[in-house]
$ cat work-v3.cif   # mmCIF, C-alpha atoms
data_final
loop_
_atom_site.group_PDB
_atom_site.id
_atom_site.type_symbol
_atom_site.label_atom_id
_atom_site.label_comp_id
_atom_site.auth_asym_id
_atom_site.auth_seq_id
_atom_site.Cartn_x
_atom_site.Cartn_y
_atom_site.Cartn_z
ATOM 1 C CA MET X 190 24.420 114.765 42.546
ATOM 2 C CA LYS X 191 25.432 116.127 45.869
ATOM 3 C CA LYS X 192 26.070 112.601 47.102
ATOM 4 C CA PHE X 193 28.073 111.815 44.004
ATOM 5 C CA TYR X 194 30.127 114.970 44.430
ATOM 6 C CA LEU X 195 30.877 114.206 48.097
ATOM 7 C CA ALA X 196 31.833 110.631 47.238
ATOM 8 C CA PHE X 197 34.102 111.861 44.436
ATOM 9 C CA VAL X 198 35.844 114.339 46.788
ATOM 10 C CA ALA X 199 36.289 111.631 49.459
ATOM 11 C CA ILE X 200 37.834 109.237 46.914
ATOM 12 C CA LEU X 201 40.074 111.990 45.567
ATOM 13 C CA LEU X 202 41.319 112.907 49.047
ATOM 14 C CA GLY X 203 41.933 109.239 49.876
ATOM 15 C CA VAL X 204 43.949 108.651 46.693
ATOM 16 C CA THR X 205 45.898 111.874 47.168
ATOM 17 C CA ALA X 206 46.716 110.985 50.794
ATOM 18 C CA SER X 207 47.943 107.531 49.821
ATOM 19 C CA PHE X 208 50.554 109.022 47.424
ATOM 20 C CA ALA X 209 51.770 111.764 49.781
ATOM 21 C CA GLN X 210 55.321 111.692 51.148
ATOM 22 C CA PRO X 211 55.716 111.526 54.958
ATOM 23 C CA ILE X 212 56.765 114.753 56.652
ATOM 24 C CA SER X 213 59.392 112.981 58.854
ATOM 25 C CA ASP X 214 60.967 109.577 59.306
ATOM 26 C CA HIS X 215 63.554 108.091 61.614
ATOM 27 C CA ALA X 216 66.084 105.291 61.875
ATOM 28 C CA VAL X 217 67.455 103.816 65.086
ATOM 29 C CA ILE X 218 71.229 103.632 65.686
ATOM 30 C CA PRO X 219 71.961 101.678 68.865
ATOM 31 C CA ILE X 220 75.150 102.834 70.610
ATOM 32 C CA GLY X 221 76.700 100.763 73.370
ATOM 33 C CA VAL X 222 79.672 101.480 75.608
ATOM 34 C CA THR X 223 81.432 98.572 77.289
ATOM 35 C CA LEU X 224 84.031 99.430 79.905
ATOM 36 C CA ASN X 225 85.990 96.313 80.665
ATOM 37 C CA PRO X 226 88.020 96.464 83.867
ATOM 38 C CA VAL X 227 91.790 96.382 83.399
ATOM 39 C CA LEU X 228 93.842 94.456 85.934
ATOM 40 C CA ARG X 229 97.327 93.418 84.767
ATOM 41 C CA ILE X 230 100.727 92.916 86.322
ATOM 42 C CA GLU X 231 104.020 92.982 84.423
ATOM 43 C CA VAL X 232 107.582 92.322 85.535
ATOM 44 C CA THR X 233 109.581 94.943 83.649
ATOM 45 C CA ASN X 234 113.085 94.184 84.947
ATOM 46 C CA GLY X 235 114.829 91.601 87.124
ATOM 47 C CA GLY X 236 112.670 88.612 86.283
ATOM 48 C CA ASN X 237 115.459 86.168 87.169
ATOM 49 C CA ILE X 238 117.439 86.573 90.387
ATOM 50 C CA GLU X 239 120.532 84.422 90.999
ATOM 51 C CA PHE X 240 122.562 84.603 94.213
ATOM 52 C CA VAL X 241 126.046 83.140 93.705
ATOM 53 C CA PHE X 242 128.202 82.743 96.823
ATOM 54 C CA THR X 243 131.914 82.647 95.965
ATOM 55 C CA SER X 244 133.734 83.735 99.131
ATOM 56 C CA LEU X 245 133.741 82.990 102.858
ATOM 57 C CA ALA X 246 132.809 86.625 103.547
ATOM 58 C CA GLN X 247 129.659 86.232 101.474
ATOM 59 C CA TYR X 248 128.751 83.037 103.351
ATOM 60 C CA SER X 249 129.079 84.813 106.687
ATOM 61 C CA SER X 250 127.409 88.136 105.793
ATOM 62 C CA GLY X 251 125.155 87.285 102.818
ATOM 63 C CA LEU X 252 124.457 88.971 99.489
ATOM 64 C CA SER X 253 122.288 92.047 99.062
ATOM 65 C CA GLY X 254 121.270 94.538 96.382
ATOM 66 C CA GLY X 255 124.256 96.840 96.552
ATOM 67 C CA ALA X 256 124.293 98.492 93.117
ATOM 68 C CA ASN X 257 120.771 97.231 92.273
ATOM 69 C CA VAL X 258 122.110 93.809 91.320
ATOM 70 C CA TYR X 259 119.290 91.903 93.002
ATOM 71 C CA ARG X 260 116.310 94.070 92.046
ATOM 72 C CA THR X 261 112.964 93.260 90.462
ATOM 73 C CA GLN X 262 110.785 95.993 89.003
ATOM 74 C CA PHE X 263 107.120 95.412 88.249
ATOM 75 C CA GLN X 264 104.069 97.477 87.466
ATOM 76 C CA VAL X 265 100.339 97.093 87.926
ATOM 77 C CA LEU X 266 97.949 98.519 85.339
ATOM 78 C CA SER X 267 94.456 98.846 86.738
ATOM 79 C CA THR X 268 91.144 100.671 86.528
ATOM 80 C CA ARG X 269 90.100 99.417 89.962
ATOM 81 C CA LEU X 270 91.536 98.930 93.440
ATOM 82 C CA TYR X 271 93.786 95.891 93.701
ATOM 83 C CA ASP X 272 95.807 93.723 96.074
ATOM 84 C CA VAL X 273 99.099 92.040 95.190
ATOM 85 C CA ASN X 274 100.163 88.701 96.657
ATOM 86 C CA LEU X 275 103.584 87.084 96.493
ATOM 87 C CA TYR X 276 103.585 83.291 96.211
ATOM 88 C CA THR X 277 106.238 80.612 96.085
ATOM 89 C CA ASP X 278 105.915 76.988 95.145
ATOM 90 C CA PRO X 279 103.977 75.340 97.971
ATOM 91 C CA VAL X 280 107.119 74.354 99.833
ATOM 92 C CA ALA X 281 108.777 75.503 103.045
ATOM 93 C CA ASN X 282 112.280 74.619 101.843
ATOM 94 C CA MET X 283 114.201 74.734 98.604
ATOM 95 C CA ILE X 284 115.704 71.373 97.636
ATOM 96 C CA GLY X 285 119.204 71.068 96.216
ATOM 97 C CA GLN X 286 119.362 70.057 92.583
ATOM 98 C CA GLY X 287 122.425 67.855 92.994
ATOM 99 C CA THR X 288 121.785 66.639 96.542
ATOM 100 C CA ALA X 289 118.813 66.040 98.769
ATOM 101 C CA ALA X 290 119.866 68.943 101.005
ATOM 102 C CA THR X 291 117.361 71.679 101.802
ATOM 103 C CA LEU X 292 117.604 75.426 102.224
ATOM 104 C CA PRO X 293 114.781 77.283 104.017
ATOM 105 C CA LEU X 294 112.903 79.987 102.118
ATOM 106 C CA SER X 295 113.594 82.366 105.002
ATOM 107 C CA VAL X 296 117.240 82.839 103.932
ATOM 108 C CA ILE X 297 115.845 85.024 101.140
ATOM 109 C CA ASN X 298 114.398 88.364 102.203
ATOM 110 C CA TYR X 299 113.136 91.404 100.353
ATOM 111 C CA THR X 300 112.163 95.040 100.708
ATOM 112 C CA LEU X 301 109.271 96.501 98.719
ATOM 113 C CA THR X 302 109.070 100.154 97.669
ATOM 114 C CA ALA X 303 107.009 102.150 95.195
ATOM 115 C CA VAL X 304 108.577 104.238 92.460
ATOM 116 C CA PRO X 305 107.658 107.765 93.645
ATOM 117 C CA ALA X 306 107.031 109.277 90.207
ATOM 118 C CA ALA X 307 104.663 106.463 89.212
ATOM 119 C CA ALA X 308 101.576 107.751 90.998
ATOM 120 C CA GLY X 309 99.516 110.304 89.119
ATOM 121 C CA VAL X 310 96.529 112.401 90.137
ATOM 122 C CA GLY X 311 94.010 110.195 91.881
ATOM 123 C CA ASP X 312 96.318 107.175 92.013
ATOM 124 C CA HIS X 313 98.080 105.621 94.962
ATOM 125 C CA PRO X 314 100.484 102.700 95.178
ATOM 126 C CA GLY X 315 98.583 101.097 98.058
ATOM 127 C CA THR X 316 99.423 100.061 101.589
ATOM 128 C CA PHE X 317 102.415 97.799 102.060
ATOM 129 C CA VAL X 318 101.601 94.986 104.452
ATOM 130 C CA ALA X 319 105.210 93.875 104.693
ATOM 131 C CA THR X 320 107.952 96.223 103.542
ATOM 132 C CA ALA X 321 110.829 94.013 104.713
ATOM 133 C CA THR X 322 110.322 90.336 105.308
ATOM 134 C CA ASN X 323 111.653 86.850 104.677
ATOM 135 C CA LEU X 324 110.371 84.826 101.764
ATOM 136 C CA ALA X 325 107.440 82.584 102.706
ATOM 137 C CA PRO X 326 104.990 80.413 100.736
ATOM 138 C CA LEU X 327 102.350 83.191 100.668
ATOM 139 C CA THR X 328 102.557 86.886 101.512
ATOM 140 C CA GLY X 329 99.969 89.539 100.737
ATOM 141 C CA PHE X 330 102.159 92.589 100.477
ATOM 142 C CA ILE X 331 100.167 95.342 98.737
ATOM 143 C CA THR X 332 96.565 96.225 99.563
ATOM 144 C CA ASP X 333 94.252 98.823 98.040
ATOM 145 C CA GLY X 334 96.543 100.033 95.289
ATOM 146 C CA GLY X 335 95.141 101.726 92.231
ATOM 147 C CA PRO X 336 92.724 104.542 91.469
ATOM 148 C CA ASP X 337 91.744 106.643 94.455
ATOM 149 C CA GLY X 338 87.997 107.181 94.221
ATOM 150 C CA THR X 339 88.101 109.993 96.771
ATOM 151 C CA VAL X 340 90.150 112.168 94.378
ATOM 152 C CA ALA X 341 89.216 111.043 90.893
ATOM 153 C CA PHE X 342 88.503 107.605 89.532
ATOM 154 C CA VAL X 343 91.171 107.285 86.846
ATOM 155 C CA SER X 344 93.108 104.413 85.396
ATOM 156 C CA THR X 345 96.540 103.973 86.871
ATOM 157 C CA THR X 346 99.934 102.407 86.357
ATOM 158 C CA ASN X 347 101.802 101.999 89.608
ATOM 159 C CA LYS X 348 105.410 100.823 89.607
ATOM 160 C CA TYR X 349 107.155 98.916 92.381
ATOM 161 C CA ILE X 350 110.655 97.736 93.258
ATOM 162 C CA ILE X 351 111.601 94.587 95.161
ATOM 163 C CA ASP X 352 115.172 94.569 96.468
ATOM 164 C CA TRP X 353 116.204 90.984 97.235
ATOM 165 C CA ALA X 354 118.867 89.723 99.650
ATOM 166 C CA CYS X 355 120.063 86.288 100.721
ATOM 167 C CA GLY X 356 121.641 85.277 104.015
ATOM 168 C CA THR X 357 121.957 88.830 105.362
ATOM 169 C CA ILE X 358 119.849 88.396 108.519
ATOM 170 C CA ALA X 359 121.305 86.838 111.673
ATOM 171 C CA GLY X 360 119.817 83.398 112.175
ATOM 172 C CA GLN X 361 119.035 83.136 108.456
ATOM 173 C CA ARG X 362 122.558 82.768 107.083
ATOM 174 C CA VAL X 363 123.696 80.148 104.603
ATOM 175 C CA THR X 364 126.778 79.254 106.662
ATOM 176 C CA GLY X 365 126.939 75.496 107.255
ATOM 177 C CA ARG X 366 124.572 74.656 104.385
ATOM 178 C CA THR X 367 125.470 72.059 101.769
ATOM 179 C CA PRO X 368 126.938 73.672 98.633
ATOM 180 C CA ASP X 369 124.489 73.128 95.762
ATOM 181 C CA ARG X 370 122.116 75.099 93.570
ATOM 182 C CA TYR X 371 118.745 75.746 95.191
ATOM 183 C CA ALA X 372 115.815 77.321 93.356
ATOM 184 C CA VAL X 373 112.230 78.402 93.930
ATOM 185 C CA ASN X 374 109.682 80.106 91.712
ATOM 186 C CA VAL X 375 108.221 83.348 93.022
ATOM 187 C CA LEU X 376 104.866 84.409 91.582
ATOM 188 C CA LEU X 377 103.231 87.822 91.799
ATOM 189 C CA GLU X 378 99.427 87.806 91.667
ATOM 190 C CA VAL X 379 97.197 90.860 91.343
ATOM 191 C CA ILE X 380 93.568 90.475 92.410
ATOM 192 C CA PRO X 381 90.664 92.920 92.856
ATOM 193 C CA ALA X 382 90.647 94.453 96.319
ATOM 194 C CA LEU X 383 87.812 93.386 98.547
ATOM 195 C CA PRO X 384 85.212 96.122 99.067
#
$ encode --input "work-v3.cif" --output "structure tokens"
Amino acid sequence: MKKFYLAFVAILLGVTASFAQPISDHAVIPIGVTLNPVLRIEVTNGGNIEFVFTSLAQYSSGLSGGANVYRTQFQVLSTRLYDVNLYTDPVANMIGQGTAATLPLSVINYTLTAVPAAAGVGDHPGTFVATATNLAPLTGFITDGGPDGTVAFVSTTNKYIIDWACGTIAGQRVTGRTPDRYAVNVLLEVIPALP
């Protein structure tokens, strides 16, 4: 009887345990965070520059910004350090559209500046490799712009101004050139800065 009683209790405990609710349970919710780097460049004003020479004085002294007539404004939006390059079509001379005459790229020159109020805490507009130079097929003119890791790594929008001029530098005038319309495409490229 004792054996029967023990067997009955064991079966009863086993059945009771199989119908019991668990004390705790859990579900898994995976959470992922993806931080994609941002590296964009936008021309916000002055995306088409046209120098029109209409007087002998302009031929002899050139055309420059004056009242911001020949100005391009652009901005770089970035979460990392960047460099900016200025490219032209892979040519050394512009070719006249109505004639076969050429005009060297060097008659066009520019000055690069940063908009002072653009930099925020931990941001810097970078180092300007060439602040005033003649147009050439390739110029790297901003290095290490963007968030300053020594202060605080933050995303940044830095704004820049290019003031253009044509024929204002001695030896790079348009005097004596064949009248025609000459054109070249200028490209701005932003790339990650090398470590």
$ resolve_selection --input "work-v3.cif" --expression "the PyMOL selection byres ((chain X and resi 249-263) around 8)" --output "PyMOL selection string"
chain X and resi 230-236+238-240+242+245-248+264-265+348-358+362-364
$ write_last_selection --input "work-v3.cif" --atoms "C-alpha atoms" --output "tab-separated table (two decimals), in the frame of the given file"
chain	number	residue	atom	x	y	z
X	230	ILE	CA	100.73	92.92	86.32
X	231	GLU	CA	104.02	92.98	84.42
X	232	VAL	CA	107.58	92.32	85.54
X	233	THR	CA	109.58	94.94	83.65
X	234	ASN	CA	113.08	94.18	84.95
X	235	GLY	CA	114.83	91.60	87.12
X	236	GLY	CA	112.67	88.61	86.28
X	238	ILE	CA	117.44	86.57	90.39
X	239	GLU	CA	120.53	84.42	91.00
X	240	PHE	CA	122.56	84.60	94.21
X	242	PHE	CA	128.20	82.74	96.82
X	245	LEU	CA	133.74	82.99	102.86
X	246	ALA	CA	132.81	86.62	103.55
X	247	GLN	CA	129.66	86.23	101.47
X	248	TYR	CA	128.75	83.04	103.35
X	264	GLN	CA	104.07	97.48	87.47
X	265	VAL	CA	100.34	97.09	87.93
X	348	LYS	CA	105.41	100.82	89.61
X	349	TYR	CA	107.16	98.92	92.38
X	350	ILE	CA	110.66	97.74	93.26
X	351	ILE	CA	111.60	94.59	95.16
X	352	ASP	CA	115.17	94.57	96.47
X	353	TRP	CA	116.20	90.98	97.24
X	354	ALA	CA	118.87	89.72	99.65
X	355	CYS	CA	120.06	86.29	100.72
X	356	GLY	CA	121.64	85.28	104.02
X	357	THR	CA	121.96	88.83	105.36
X	358	ILE	CA	119.85	88.40	108.52
X	362	ARG	CA	122.56	82.77	107.08
X	363	VAL	CA	123.70	80.15	104.60
X	364	THR	CA	126.78	79.25	106.66
$ residues_around --input "work-v3.cif" --residues "Val280 of chain X" --least-positions-apart "4" --cutoff "12 Å" --atoms "all atoms listed in the file" --output "short mmCIF file (atom, residue, chain, number, x, y, z; two decimals) with C-alpha atoms, keeping the file's coordinate frame"
data_model
loop_
_atom_site.label_atom_id
_atom_site.label_comp_id
_atom_site.auth_asym_id
_atom_site.auth_seq_id
_atom_site.Cartn_x
_atom_site.Cartn_y
_atom_site.Cartn_z
CA TYR X 276 103.58 83.29 96.21
CA ILE X 284 115.70 71.37 97.64
CA THR X 291 117.36 71.68 101.80
CA LEU X 292 117.60 75.43 102.22
CA PRO X 293 114.78 77.28 104.02
CA LEU X 294 112.90 79.99 102.12
CA SER X 295 113.59 82.37 105.00
CA LEU X 324 110.37 84.83 101.76
CA ALA X 325 107.44 82.58 102.71
CA PRO X 326 104.99 80.41 100.74
CA LEU X 327 102.35 83.19 100.67
CA ALA X 372 115.82 77.32 93.36
CA VAL X 373 112.23 78.40 93.93
CA ASN X 374 109.68 80.11 91.71
CA VAL X 375 108.22 83.35 93.02
#
$ atom_distance --input "work-v3.cif" --atom1 "atom CA of Pro336 of chain X" --atom2 "atom CA of Gly221 of chain X"
24.5 Å
$ atom_distance --input "work-v3.cif" --atom1 "atom CA of Pro279 of chain X" --atom2 "atom CA of Thr367 of chain X"
22.1 Å
$ closest_residue --input "work-v3.cif" --among "X:Ala289, X:Leu266, X:Val318, X:Leu383" --to "Asn347 of chain X" --atoms "all atoms listed in the file"
X:Leu266
$ closest_residue --input "work-v3.cif" --among "X:Ala281, X:Val296, X:Val217, X:Leu301" --to "Pro314 of chain X" --atoms "only C-alpha atoms"
X:Leu301
$ closest_residue --input "work-v3.cif" --among "X:Ile297, X:Phe330, X:Gly335, X:Leu376" --to "Gln361 of chain X" --atoms "only C-alpha atoms"
X:Ile297
